[in-house]
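See below for protein.cif, which holds mmCIF, C-alpha atoms (C1' of nucleotides).
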```cif
data_input
#
loop_
_atom_site.label_atom_id
_atom_site.label_comp_id
_atom_site.auth_asym_id
_atom_site.auth_seq_id
_atom_site.Cartn_x
_atom_site.Cartn_y
_atom_site.Cartn_z
CA MET A 15 25.51 17.32 28.18
CA ALA A 16 25.94 15.81 24.74
CA GLY A 17 27.47 12.43 25.57
CA ASP A 18 27.02 11.26 29.11
CA ARG A 19 29.37 8.37 29.72
CA ARG A 20 26.74 6.55 31.75
CA ILE A 21 24.34 6.59 28.82
CA GLN A 22 27.04 5.55 26.40
CA TYR A 23 27.99 2.59 28.56
CA THR A 24 24.41 1.52 29.13
CA LYS A 25 23.58 1.57 25.45
CA MET A 26 26.83 -0.11 24.47
CA VAL A 27 26.52 -3.01 26.87
CA LEU A 28 22.88 -3.47 25.94
CA ARG A 29 23.76 -3.58 22.25
CA GLU A 30 26.52 -6.11 22.75
CA SER A 31 24.42 -8.27 25.05
CA LEU A 32 21.58 -8.34 22.57
CA ILE A 33 23.89 -9.33 19.73
CA GLU A 34 25.27 -12.14 21.85
CA LEU A 35 21.83 -13.40 22.76
CA LEU A 36 20.72 -13.22 19.14
CA ARG A 37 23.39 -15.78 18.28
CA GLU A 38 21.46 -18.32 20.34
CA LYS A 39 17.83 -17.47 19.81
CA PRO A 40 15.61 -15.19 17.71
CA ILE A 41 14.58 -11.80 19.02
CA ALA A 42 11.06 -13.00 19.70
CA ARG A 43 12.28 -15.69 22.08
CA LEU A 44 14.23 -13.46 24.43
CA THR A 45 12.86 -11.12 27.06
CA VAL A 46 13.86 -7.69 28.28
CA THR A 47 14.43 -9.19 31.71
CA GLU A 48 16.84 -11.75 30.27
CA LEU A 49 18.69 -9.10 28.29
CA CYS A 50 19.06 -6.78 31.28
CA LYS A 51 20.28 -9.58 33.47
CA LYS A 52 23.00 -10.43 30.96
CA ALA A 53 23.97 -6.79 30.53
CA ASP A 54 23.80 -6.16 34.28
CA ILE A 55 21.59 -3.15 33.65
CA ASN A 56 18.49 -2.33 35.61
CA ARG A 57 15.33 -3.02 33.70
CA ALA A 58 13.93 0.45 34.42
CA THR A 59 17.07 1.92 32.88
CA PHE A 60 16.45 -0.10 29.74
CA TYR A 61 12.92 1.25 29.45
CA SER A 62 14.20 4.80 29.80
CA HIS A 63 16.13 4.30 26.55
CA TYR A 64 14.19 1.77 24.48
CA ARG A 65 10.57 0.80 24.04
CA ASP A 66 11.37 -2.93 23.94
CA GLN A 67 13.92 -5.37 22.56
CA PHE A 68 12.66 -4.84 19.01
CA ASP A 69 13.27 -1.13 19.33
CA LEU A 70 16.83 -1.75 20.42
CA LEU A 71 17.46 -4.09 17.51
CA ALA A 72 15.95 -1.61 15.07
CA GLN A 73 18.29 1.10 16.34
CA ILE A 74 21.27 -1.22 15.96
CA GLU A 75 20.26 -1.98 12.39
CA SER A 76 19.73 1.69 11.55
CA ALA A 77 23.17 2.49 12.89
CA VAL A 78 24.75 -0.17 10.70
CA ILE A 79 22.91 1.10 7.64
CA ALA A 80 24.07 4.64 8.34
CA ASP A 81 27.58 3.41 8.98
CA ILE A 82 27.78 1.54 5.69
CA ASN A 83 26.48 4.56 3.83
CA SER A 84 29.00 6.90 5.37
CA TYR A 85 31.70 4.32 4.68
CA LEU A 86 30.71 4.26 1.02
CA ASP A 87 30.21 8.03 0.85
CA HIS A 88 33.72 8.54 2.06
CA PHE A 89 35.04 6.17 -0.55
CA ILE A 90 32.99 7.49 -3.42
CA HIS A 91 34.05 10.99 -2.59
CA GLU A 92 37.66 10.06 -2.96
CA THR A 93 37.42 8.24 -6.25
CA SER A 94 34.87 10.14 -8.27
CA GLU A 95 34.46 7.33 -10.76
CA ALA A 96 33.37 4.19 -9.01
CA ASN A 97 32.25 1.09 -10.82
CA MET A 98 30.29 -1.85 -9.51
CA VAL A 99 33.29 -3.98 -8.61
CA GLN A 100 34.75 -1.19 -6.51
CA ILE A 101 31.51 -0.54 -4.66
CA LEU A 102 30.94 -4.23 -4.06
CA THR A 103 34.50 -4.61 -2.83
CA LYS A 104 33.92 -1.89 -0.28
CA ILE A 105 30.70 -3.52 0.88
CA PHE A 106 32.39 -6.90 1.26
CA GLU A 107 35.21 -5.22 3.14
CA TYR A 108 32.83 -3.53 5.53
CA ILE A 109 30.99 -6.76 6.19
CA GLN A 110 34.22 -8.61 6.78
CA GLN A 111 35.37 -6.00 9.26
CA ASN A 112 32.04 -6.27 11.09
CA SER A 113 31.49 -9.95 10.50
CA LYS A 114 30.25 -10.87 13.97
CA LEU A 115 27.60 -8.19 13.91
CA CYS A 116 26.61 -8.90 10.32
CA GLN A 117 26.40 -12.63 10.95
CA VAL A 118 23.64 -11.95 13.45
CA LEU A 119 21.80 -9.24 11.53
CA LEU A 120 21.89 -11.17 8.24
CA GLY A 121 21.67 -14.64 9.78
CA ASN A 122 18.69 -16.95 10.05
CA ASN A 123 17.46 -15.09 13.13
CA GLY A 124 17.67 -11.74 11.38
CA ASN A 125 14.69 -9.93 9.99
CA ILE A 126 13.92 -9.36 6.36
CA ASP A 127 13.59 -5.60 6.61
CA PHE A 128 17.28 -5.26 7.33
CA GLN A 129 18.12 -7.35 4.28
CA THR A 130 15.82 -5.16 2.25
CA ASN A 131 17.57 -2.05 3.49
CA ILE A 132 21.00 -3.42 2.65
CA MET A 133 19.55 -4.35 -0.72
CA LYS A 134 18.47 -0.77 -1.29
CA ILE A 135 22.01 0.41 -0.66
CA VAL A 136 23.34 -1.99 -3.24
CA SER A 137 20.70 -0.86 -5.70
CA GLN A 138 21.05 2.87 -5.12
CA ARG A 139 24.81 2.76 -5.41
CA VAL A 140 24.77 0.91 -8.68
CA VAL A 141 21.54 1.99 -10.27
CA PHE A 142 22.91 5.24 -11.63
CA GLU A 143 25.38 3.27 -13.69
CA TRP A 144 22.65 1.38 -15.44
CA GLN A 145 20.15 4.17 -15.88
CA LYS A 146 22.44 5.73 -18.44
CA LYS A 147 22.54 2.67 -20.62
CA GLN A 148 19.38 0.75 -20.04
CA LYS A 149 16.88 0.24 -22.78
CA VAL A 150 14.28 -1.61 -20.75
CA ASP A 151 11.15 -0.14 -19.22
CA GLU A 152 11.15 0.99 -15.62
CA THR A 153 9.21 -1.97 -14.28
CA THR A 154 11.60 -4.44 -15.84
CA ALA A 155 14.50 -2.47 -14.46
CA GLU A 156 13.05 -2.73 -10.96
CA TYR A 157 12.79 -6.49 -11.30
CA ILE A 158 16.39 -6.64 -12.44
CA TYR A 159 17.49 -4.60 -9.42
CA THR A 160 15.55 -6.88 -7.14
CA TYR A 161 17.07 -10.00 -8.62
CA VAL A 162 20.61 -8.69 -8.52
CA ALA A 163 20.37 -7.15 -5.08
CA THR A 164 18.69 -10.06 -3.31
CA GLY A 165 20.98 -12.49 -5.06
CA SER A 166 23.96 -10.53 -3.84
CA ILE A 167 22.59 -10.51 -0.30
CA GLY A 168 22.27 -14.28 -0.54
CA ILE A 169 25.90 -14.59 -1.53
CA ILE A 170 26.92 -12.28 1.30
CA ARG A 171 25.00 -14.43 3.77
CA LYS A 172 26.70 -17.56 2.49
CA TRP A 173 30.07 -15.86 2.51
CA LEU A 174 29.56 -14.85 6.14
CA GLY A 175 29.08 -18.50 7.03
CA ASP A 176 32.18 -19.71 5.23
CA ASP A 177 35.27 -20.05 7.36
CA LYS A 178 37.58 -19.89 4.39
CA GLY A 179 35.89 -17.36 2.18
CA LYS A 180 37.58 -15.56 -0.65
CA PRO A 181 38.86 -12.00 -0.06
CA PRO A 182 36.45 -9.10 -0.67
CA GLN A 183 37.79 -8.10 -4.07
CA GLN A 184 37.54 -11.62 -5.49
CA MET A 185 33.99 -11.88 -4.18
CA ALA A 186 33.12 -8.54 -5.76
CA GLU A 187 34.50 -9.66 -9.11
CA PHE A 188 32.65 -12.94 -8.87
CA VAL A 189 29.35 -11.25 -8.09
CA SER A 190 29.89 -8.65 -10.78
CA HIS A 191 30.50 -11.40 -13.28
CA LEU A 192 27.31 -13.20 -12.26
CA VAL A 193 25.31 -10.00 -12.48
CA TYR A 194 26.46 -8.98 -15.92
CA LYS A 195 27.06 -12.26 -17.69
CA GLY A 196 24.98 -14.74 -15.74
CA ILE A 197 26.08 -18.32 -15.39
CA GLU A 198 26.29 -19.12 -19.06
CA ALA A 199 29.98 -18.37 -19.21
CA LEU A 200 30.61 -20.56 -16.18
CA ILE A 201 29.04 -23.80 -17.38
CA GLU A 202 29.78 -26.03 -20.34
CA MET B 12 -10.48 -41.88 13.65
CA ALA B 13 -8.42 -40.43 10.84
CA GLY B 14 -10.02 -37.05 10.35
CA ASP B 15 -12.11 -35.76 13.21
CA ARG B 16 -14.11 -32.80 11.93
CA ARG B 17 -13.66 -30.99 15.22
CA ILE B 18 -9.88 -31.17 14.93
CA GLN B 19 -9.95 -30.22 11.29
CA TYR B 20 -12.08 -27.18 12.03
CA THR B 21 -9.97 -26.13 14.98
CA LYS B 22 -6.75 -26.32 13.02
CA MET B 23 -8.23 -24.71 9.96
CA VAL B 24 -9.63 -21.69 11.75
CA LEU B 25 -6.41 -21.28 13.71
CA ARG B 26 -4.36 -21.36 10.52
CA GLU B 27 -6.56 -18.81 8.78
CA SER B 28 -6.68 -16.55 11.81
CA LEU B 29 -2.92 -16.60 12.11
CA ILE B 30 -2.45 -15.76 8.45
CA GLU B 31 -4.84 -12.85 8.82
CA LEU B 32 -3.05 -11.55 11.88
CA LEU B 33 0.31 -11.89 10.16
CA ARG B 34 -0.85 -9.40 7.54
CA GLU B 35 -0.92 -6.75 10.26
CA LYS B 36 1.97 -7.62 12.53
CA PRO B 37 4.93 -10.02 12.75
CA ILE B 38 4.61 -13.33 14.54
CA ALA B 39 6.63 -12.06 17.47
CA ARG B 40 4.16 -9.28 18.16
CA LEU B 41 1.04 -11.39 18.49
CA THR B 42 0.01 -13.58 21.39
CA VAL B 43 -1.66 -16.94 21.68
CA THR B 44 -4.46 -15.25 23.59
CA GLU B 45 -5.02 -12.79 20.75
CA LEU B 46 -5.00 -15.54 18.15
CA CYS B 47 -7.48 -17.71 20.05
CA LYS B 48 -9.81 -14.78 20.58
CA LYS B 49 -9.87 -14.08 16.84
CA ALA B 50 -10.35 -17.74 15.98
CA ASP B 51 -12.95 -18.18 18.74
CA ILE B 52 -11.08 -21.20 20.00
CA ASN B 53 -10.38 -21.93 23.63
CA ARG B 54 -6.78 -21.34 24.55
CA ALA B 55 -6.45 -24.74 26.19
CA THR B 56 -7.55 -26.28 22.89
CA PHE B 57 -4.79 -24.42 21.10
CA TYR B 58 -2.19 -25.79 23.48
CA SER B 59 -3.46 -29.32 22.93
CA HIS B 60 -2.47 -28.98 19.26
CA TYR B 61 0.47 -26.57 19.13
CA ARG B 62 3.33 -25.60 21.39
CA ASP B 63 2.97 -21.91 20.62
CA GLN B 64 2.30 -19.53 17.75
CA PHE B 65 5.71 -20.24 16.23
CA ASP B 66 4.93 -23.94 16.14
CA LEU B 67 1.69 -23.26 14.30
CA LEU B 68 3.44 -21.06 11.76
CA ALA B 69 6.17 -23.64 11.26
CA GLN B 70 3.57 -26.31 10.54
CA ILE B 71 1.86 -24.03 8.03
CA GLU B 72 5.17 -23.45 6.30
CA SER B 73 6.04 -27.12 6.23
CA ALA B 74 2.70 -27.90 4.68
CA VAL B 75 3.28 -25.35 1.94
CA ILE B 76 6.74 -26.73 1.24
CA ALA B 77 5.37 -30.25 1.01
CA ASP B 78 2.52 -29.04 -1.18
CA ILE B 79 4.83 -27.32 -3.63
CA ASN B 80 7.01 -30.40 -3.83
CA SER B 81 4.11 -32.71 -4.55
CA TYR B 82 2.82 -30.20 -7.08
CA LEU B 83 6.18 -30.27 -8.85
CA ASP B 84 6.57 -34.04 -8.49
CA HIS B 85 3.26 -34.55 -10.21
CA PHE B 86 4.31 -32.29 -13.05
CA ILE B 87 7.80 -33.69 -13.44
CA HIS B 88 6.41 -37.19 -13.51
CA GLU B 89 4.22 -36.34 -16.46
CA THR B 90 6.83 -34.69 -18.60
CA SER B 91 10.01 -36.59 -18.05
CA GLU B 92 12.18 -33.87 -19.53
CA ALA B 93 11.69 -30.64 -17.65
CA ASN B 94 13.85 -27.59 -18.17
CA MET B 95 14.29 -24.60 -15.95
CA VAL B 96 11.63 -22.47 -17.60
CA GLN B 97 9.05 -25.19 -17.14
CA ILE B 98 9.89 -25.72 -13.49
CA LEU B 99 9.93 -22.00 -12.78
CA THR B 100 6.61 -21.61 -14.56
CA LYS B 101 5.08 -24.22 -12.29
CA ILE B 102 6.46 -22.51 -9.22
CA PHE B 103 5.11 -19.14 -10.33
CA GLU B 104 1.77 -20.78 -11.05
CA TYR B 105 1.61 -22.33 -7.62
CA ILE B 106 2.46 -19.05 -5.93
CA GLN B 107 -0.14 -17.21 -7.96
CA GLN B 108 -2.78 -19.72 -7.00
CA ASN B 109 -1.86 -19.34 -3.33
CA SER B 110 -0.96 -15.68 -3.47
CA LYS B 111 -2.63 -14.60 -0.23
CA LEU B 112 -0.83 -17.23 1.77
CA CYS B 113 2.48 -16.69 0.01
CA GLN B 114 2.24 -12.93 0.44
CA VAL B 115 2.30 -13.46 4.17
CA LEU B 116 4.90 -16.22 4.31
CA LEU B 117 7.28 -14.44 1.94
CA GLY B 118 6.37 -10.90 2.99
CA ASN B 119 8.19 -8.53 5.29
CA ASN B 120 6.74 -10.27 8.35
CA GLY B 121 7.83 -13.68 7.12
CA ASN B 122 10.88 -15.48 8.41
CA ILE B 123 14.04 -16.18 6.53
CA ASP B 124 14.02 -19.92 7.08
CA PHE B 125 10.96 -20.30 4.90
CA GLN B 126 12.67 -18.36 2.14
CA THR B 127 15.67 -20.60 2.52
CA ASN B 128 13.51 -23.69 2.20
CA ILE B 129 11.82 -22.39 -0.94
CA MET B 130 15.30 -21.60 -2.19
CA LYS B 131 16.36 -25.18 -1.67
CA ILE B 132 13.46 -26.39 -3.77
CA VAL B 133 14.49 -24.10 -6.60
CA SER B 134 18.06 -25.31 -6.28
CA GLN B 135 17.32 -29.01 -6.03
CA ARG B 136 14.97 -28.95 -8.98
CA VAL B 137 17.43 -27.21 -11.25
CA VAL B 138 20.78 -28.31 -9.93
CA PHE B 139 20.80 -31.62 -11.75
CA GLU B 140 20.63 -29.75 -15.02
CA TRP B 141 23.80 -27.90 -14.25
CA GLN B 142 25.78 -30.64 -12.64
CA LYS B 143 26.09 -32.34 -15.98
CA LYS B 144 27.65 -29.35 -17.65
CA GLN B 145 29.44 -27.36 -15.02
CA LYS B 146 33.15 -26.92 -15.10
CA VAL B 147 33.46 -24.97 -11.89
CA ASP B 148 34.47 -26.34 -8.50
CA GLU B 149 31.82 -27.33 -6.00
CA THR B 150 32.24 -24.30 -3.78
CA THR B 151 31.79 -21.92 -6.69
CA ALA B 152 28.76 -23.89 -7.78
CA GLU B 153 27.19 -23.47 -4.35
CA TYR B 154 27.68 -19.74 -4.53
CA ILE B 155 26.05 -19.69 -7.94
CA TYR B 156 23.06 -21.63 -6.63
CA THR B 157 22.76 -19.24 -3.73
CA TYR B 158 22.86 -16.20 -5.97
CA VAL B 159 20.36 -17.57 -8.44
CA ALA B 160 17.97 -18.97 -5.86
CA THR B 161 17.87 -15.98 -3.53
CA GLY B 162 17.64 -13.63 -6.49
CA SER B 163 14.68 -15.61 -7.78
CA ILE B 164 13.02 -15.46 -4.37
CA GLY B 165 13.48 -11.71 -4.41
CA ILE B 166 11.74 -11.50 -7.76
CA ILE B 167 8.93 -13.69 -6.51
CA ARG B 168 8.47 -11.42 -3.49
CA LYS B 169 8.31 -8.36 -5.71
CA TRP B 170 5.97 -10.10 -8.12
CA LEU B 171 3.63 -10.96 -5.24
CA GLY B 172 3.38 -7.26 -4.40
CA ASP B 173 2.61 -6.16 -7.95
CA ASP B 174 -1.06 -5.79 -8.78
CA LYS B 175 -0.48 -6.09 -12.49
CA GLY B 176 2.27 -8.68 -12.64
CA LYS B 177 3.15 -10.62 -15.74
CA PRO B 178 1.77 -14.16 -16.14
CA PRO B 179 3.79 -17.07 -14.70
CA GLN B 180 5.35 -18.22 -17.95
CA GLN B 181 6.63 -14.76 -18.87
CA MET B 182 8.08 -14.41 -15.38
CA ALA B 183 9.76 -17.78 -15.72
CA GLU B 184 11.30 -16.83 -19.03
CA PHE B 185 12.44 -13.51 -17.63
CA VAL B 186 14.10 -15.13 -14.63
CA SER B 187 15.65 -17.84 -16.76
CA HIS B 188 17.11 -15.19 -19.01
CA LEU B 189 18.57 -13.31 -16.06
CA VAL B 190 20.04 -16.49 -14.63
CA TYR B 191 21.76 -17.65 -17.77
CA LYS B 192 22.69 -14.43 -19.56
CA GLY B 193 22.73 -11.86 -16.79
CA ILE B 194 21.76 -8.28 -17.49
CA GLU B 195 24.31 -7.63 -20.18
CA ALA B 196 21.89 -8.45 -22.94
CA LEU B 197 19.29 -6.13 -21.42
CA ILE B 198 21.31 -2.94 -21.22
CA GLU B 199 23.06 -0.80 -23.81
"C1'" DG C 10 32.36 21.22 45.04
"C1'" DT C 11 27.60 21.72 43.21
"C1'" DG C 12 23.64 20.98 40.69
"C1'" DA C 13 21.84 18.04 37.20
"C1'" DT C 14 21.28 13.67 35.31
"C1'" DT C 15 21.31 8.80 35.38
"C1'" DT C 16 21.13 4.43 37.45
"C1'" DC C 17 19.30 1.47 40.72
"C1'" DA C 18 16.33 -1.30 43.87
"C1'" DA C 19 11.87 -2.15 45.16
"C1'" DA C 20 7.27 -2.36 44.56
"C1'" DC C 21 3.08 -2.26 41.94
"C1'" DA C 22 -0.99 -3.71 38.89
"C1'" DC C 23 -1.53 -5.92 34.67
"C1'" DC C 24 -1.43 -9.45 31.28
"C1'" DA C 25 0.14 -13.70 28.82
"C1'" DT C 26 1.58 -18.22 29.74
"C1'" DG C 27 1.13 -23.13 30.33
"C1'" DT C 28 -1.25 -26.51 32.87
"C1'" DT C 29 -4.96 -28.87 35.44
"C1'" DG C 30 -9.43 -31.29 36.31
"C1'" DA C 31 -14.18 -31.47 35.56
"C1'" DT C 32 -17.82 -30.83 32.29
"C1'" DT C 33 -20.00 -30.60 27.85
"C1'" DA C 34 -20.25 -31.49 22.93
"C1'" DT C 35 -19.16 -34.16 19.05
"C1'" DC C 36 -17.56 -38.12 16.58
"C1'" DT C 37 -17.22 -43.12 15.40
"C1'" DT C 38 -18.91 -47.60 15.75
"C1'" DT C 39 -22.26 -50.92 16.12
"C1'" DA D 13 -30.48 -44.56 17.45
"C1'" DA D 14 -27.62 -45.73 21.41
"C1'" DA D 15 -22.95 -46.44 23.61
"C1'" DG D 16 -18.47 -45.62 24.17
"C1'" DA D 17 -14.61 -42.90 22.81
"C1'" DT D 18 -12.57 -38.70 21.82
"C1'" DA D 19 -12.11 -33.81 21.68
"C1'" DA D 20 -13.38 -29.11 22.97
"C1'" DT D 21 -14.70 -26.16 26.58
"C1'" DC D 22 -14.51 -23.75 30.86
"C1'" DA D 23 -12.81 -22.02 35.27
"C1'" DA D 24 -9.03 -21.70 37.90
"C1'" DC D 25 -4.34 -21.58 39.24
"C1'" DA D 26 0.74 -20.52 39.85
"C1'" DT D 27 4.25 -18.46 37.31
"C1'" DG D 28 6.80 -14.99 35.08
"C1'" DG D 29 7.40 -10.96 32.07
"C1'" DT D 30 5.70 -6.18 31.36
"C1'" DG D 31 5.69 -1.32 31.92
"C1'" DT D 32 5.63 2.15 35.28
"C1'" DT D 33 6.43 4.57 39.54
"C1'" DT D 34 8.91 5.94 43.67
"C1'" DG D 35 13.05 7.69 46.34
"C1'" DA D 36 17.77 7.06 47.25
"C1'" DA D 37 22.50 6.53 45.62
"C1'" DA D 38 25.94 7.11 42.12
"C1'" DT D 39 27.95 9.56 38.45
"C1'" DC D 40 28.41 13.16 35.35
"C1'" DA D 41 29.47 17.96 33.38
"C1'" DC D 42 30.83 22.34 34.58
#
```
Rewrite the coordinates I just gave you, this time as structure tokens.
Amino acid sequence: MAGDRRIQYTKMVLRESLIELLREKPIARLTVTELCKKADINRATFYSHYRDQFDLLAQIESAVIADINSYLDHFIHETSEANMVQILTKIFEYIQQNSKLCQVLLGNNGNIDFQTNIMKIVSQRVVFEWQKKQKVDETTAEYIYTYVATGSIGIIRKWLGDDKGKPPQQMAEFVSHLVYKGIEALIE
Amino acid sequence: MAGDRRIQYTKMVLRESLIELLREKPIARLTVTELCKKADINRATFYSHYRDQFDLLAQIESAVIADINSYLDHFIHETSEANMVQILTKIFEYIQQNSKLCQVLLGNNGNIDFQTNIMKIVSQRVVFEWQKKQKVDETTAEYIYTYVATGSIGIIRKWLGDDKGKPPQQMAEFVSHLVYKGIEALIE
DNA sequence: GTGATTTCAAACACCATGTTGATTATCTTT
DNA sequence: AAAGATAATCAACATGGTGTTTGAAATCAC
């Protein structure tokens, strides 16, 4: 009763069809009818699982968020002392392994909420490192997190578009350098 | 023939109605019918000016982009030597003066393309400062721009949500500090 | 195999869409 | 102020997606 293969197939093919369609047009431009036709799933079946196409996309995004977290949890558990470079490396690795999916979710047709959620992961995983040392007030700290996290997301988005991008660890070191030392050491 | 008051009113009330609706729901969730009802404009009139609600939003965004650029052009023209803090201050000032509009366009219901376009402004206005000094390859430079620009957009978005945010110049100095020196000087 | 669950096809009323043509209101020009 | 031009309005229409409901067929778990 737990995992009916029919349900699993239906949801899987709907997910994959939506991701494919999202490479061509934004979620607002495509219809449930169009999606079901591509997936070869009856429209009534779709509505028995999802409210609309936005609901399906939201569930896909939530699953990715949960997946990244469990991926990081597993890693953190193994090496009790994780620094920022290690965490970032793992995130870049995960994104590389799921590049097609991430290209859509983080691409120009993606929504901002998902970026924000990824951002929160980056923040939460690194924040505890800084809270020990920081001497700035809480508000300032939040602004710093925002800057670092959104900047990192921007780099990830660009990296996803590059055919010949650097490997995850080099990217993590590069980002870490930018975060801690800024660009001063890189110019002049 | 240039500015028919009827057209001006129609477009103006449609713009304002759309912005109001976007504070409640994303563009994909609202209909042309709903928008015209709120604006008290006949639907056929809407279609004589815009293709759909996305077209209207895109035109609003383009106008803002152009407005920011002319705002900066005017400033740069006056003071021939502008540094990053000055440019950022002007951008923060502009956003503060148009906070209601920017809150919607940069908020969670906004689209990523607009953020990217704002990002390009930040980059283009500051890039020439760095190109003189930089000793990194072009690809690395692009990644740096991306990090700095998207990070700055993130701070702007957070600043727009803060009731008691710092004044534009302090924000500009704060961002400039983060960009050049990173967070190392702020912790420990 | 058997009962339970899911998918499917078809049909349905409902609503948004995009367009049309005729009418009314407003603007610009003189 | 009047005339001609332009734009907004209104009603109406065909079209297509929506969300739901039926009963039958297919597939599942046990």
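Coordinates place atom CA of Tyr108 of chain A at a distance of 7.2 Å from atom CA of Ile82 of chain A.
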Selection result for the PyMOL selection byres ((chain A) within 9 of (chain D)) on this file, as an MDAnalysis selection string:
chainID A and resid 15 18:20 45:47 58 61
I need the chain A residues near chain B as a PyMOL selection string; criterion: at most 7 Å, counting all atoms listed in the file.
chain A and resi 42+122+125-127+147-150+157+160-162+164-166+168-169+192-198+200-202
Export C-alpha atoms of the chosen residues as an mmCIF file, in the frame of the given file?
```
data_model
loop_
_atom_site.group_PDB
_atom_site.id
_atom_site.type_symbol
_atom_site.label_atom_id
_atom_site.label_comp_id
_atom_site.auth_asym_id
_atom_site.auth_seq_id
_atom_site.Cartn_x
_atom_site.Cartn_y
_atom_site.Cartn_z
ATOM 1 C CA ALA A 42 11.060 -13.000 19.700
ATOM 2 C CA ASN A 122 18.690 -16.950 10.050
ATOM 3 C CA ASN A 125 14.690 -9.930 9.990
ATOM 4 C CA ILE A 126 13.920 -9.360 6.360
ATOM 5 C CA ASP A 127 13.590 -5.600 6.610
ATOM 6 C CA LYS A 147 22.540 2.670 -20.620
ATOM 7 C CA GLN A 148 19.380 0.750 -20.040
ATOM 8 C CA LYS A 149 16.880 0.240 -22.780
ATOM 9 C CA VAL A 150 14.280 -1.610 -20.750
ATOM 10 C CA TYR A 157 12.790 -6.490 -11.300
ATOM 11 C CA THR A 160 15.550 -6.880 -7.140
ATOM 12 C CA TYR A 161 17.070 -10.000 -8.620
ATOM 13 C CA VAL A 162 20.610 -8.690 -8.520
ATOM 14 C CA THR A 164 18.690 -10.060 -3.310
ATOM 15 C CA GLY A 165 20.980 -12.490 -5.060
ATOM 16 C CA SER A 166 23.960 -10.530 -3.840
ATOM 17 C CA GLY A 168 22.270 -14.280 -0.540
ATOM 18 C CA ILE A 169 25.900 -14.590 -1.530
ATOM 19 C CA LEU A 192 27.310 -13.200 -12.260
ATOM 20 C CA VAL A 193 25.310 -10.000 -12.480
ATOM 21 C CA TYR A 194 26.460 -8.980 -15.920
ATOM 22 C CA LYS A 195 27.060 -12.260 -17.690
ATOM 23 C CA GLY A 196 24.980 -14.740 -15.740
ATOM 24 C CA ILE A 197 26.080 -18.320 -15.390
ATOM 25 C CA GLU A 198 26.290 -19.120 -19.060
ATOM 26 C CA LEU A 200 30.610 -20.560 -16.180
ATOM 27 C CA ILE A 201 29.040 -23.800 -17.380
ATOM 28 C CA GLU A 202 29.780 -26.030 -20.340
#
```
What are the residues of chain C lining chain A at 10 Å or less? Count all atoms listed in the file, and put the answer as JSON, numbers by chain.
{"C": [13, 14, 15, 16, 17, 18]}
Translate the PyMOL selection byres ((chain B and resi 68) around 12), as applied to the file shown, into an explicit residue set as a ChimeraX atom specification.
/B:22,25-30,32-33,37-39,43,46,61-67,69-75,112,115-116,120-122,124-125
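What separates atom CA of Ile90 of chain A from atom CA of Ile105 of chain A is a distance of 12.0 Å.
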Please compute the atom CA of Val24 of chain B-atom CA of Leu41 of chain B distance, one decimal, in Å.
16.3 Å
Would you compute an axis-aligned box for segment 15-32 of chain C, covering every atom listed for it in the file with 4 Å of margin on each side, and report centre and edge lengths in Å to one decimal as lines of an AutoDock Vina configuration file?
```
center_x = 1.7
center_y = -11.3
center_z = 37.0
size_x = 47.1
size_y = 48.3
size_z = 24.3
```
Using all atoms listed in the file, which residue out of A:Asn97, A:Gln129, A:Gln110, A:Gln22 lies closest to Ile79 of chain A?
A:Gln129
Name the residues that the PyMOL selection byres ((chain B and resi 104) around 12) pulls out of this structure, and write them as a PDB file with C-alpha atoms, in the frame of the given file.
```
ATOM      1  CA  ILE B  79       4.830 -27.320  -3.630  1.00  0.00           C
ATOM      2  CA  TYR B  82       2.820 -30.200  -7.080  1.00  0.00           C
ATOM      3  CA  LEU B  83       6.180 -30.270  -8.850  1.00  0.00           C
ATOM      4  CA  PHE B  86       4.310 -32.290 -13.050  1.00  0.00           C
ATOM      5  CA  VAL B  96      11.630 -22.470 -17.600  1.00  0.00           C
ATOM      6  CA  GLN B  97       9.050 -25.190 -17.140  1.00  0.00           C
ATOM      7  CA  ILE B  98       9.890 -25.720 -13.490  1.00  0.00           C
ATOM      8  CA  LEU B  99       9.930 -22.000 -12.780  1.00  0.00           C
ATOM      9  CA  THR B 100       6.610 -21.610 -14.560  1.00  0.00           C
ATOM     10  CA  LYS B 101       5.080 -24.220 -12.290  1.00  0.00           C
ATOM     11  CA  ILE B 102       6.460 -22.510  -9.220  1.00  0.00           C
ATOM     12  CA  PHE B 103       5.110 -19.140 -10.330  1.00  0.00           C
ATOM     13  CA  TYR B 105       1.610 -22.330  -7.620  1.00  0.00           C
ATOM     14  CA  ILE B 106       2.460 -19.050  -5.930  1.00  0.00           C
ATOM     15  CA  GLN B 107      -0.140 -17.210  -7.960  1.00  0.00           C
ATOM     16  CA  GLN B 108      -2.780 -19.720  -7.000  1.00  0.00           C
ATOM     17  CA  ASN B 109      -1.860 -19.340  -3.330  1.00  0.00           C
ATOM     18  CA  SER B 110      -0.960 -15.680  -3.470  1.00  0.00           C
ATOM     19  CA  CYS B 113       2.480 -16.690   0.010  1.00  0.00           C
ATOM     20  CA  ILE B 167       8.930 -13.690  -6.510  1.00  0.00           C
ATOM     21  CA  TRP B 170       5.970 -10.100  -8.120  1.00  0.00           C
ATOM     22  CA  LEU B 171       3.630 -10.960  -5.240  1.00  0.00           C
ATOM     23  CA  LYS B 177       3.150 -10.620 -15.740  1.00  0.00           C
ATOM     24  CA  PRO B 178       1.770 -14.160 -16.140  1.00  0.00           C
ATOM     25  CA  PRO B 179       3.790 -17.070 -14.700  1.00  0.00           C
ATOM     26  CA  GLN B 180       5.350 -18.220 -17.950  1.00  0.00           C
ATOM     27  CA  GLN B 181       6.630 -14.760 -18.870  1.00  0.00           C
ATOM     28  CA  MET B 182       8.080 -14.410 -15.380  1.00  0.00           C
ATOM     29  CA  ALA B 183       9.760 -17.780 -15.720  1.00  0.00           C
TER      30      ALA B 183
END
```
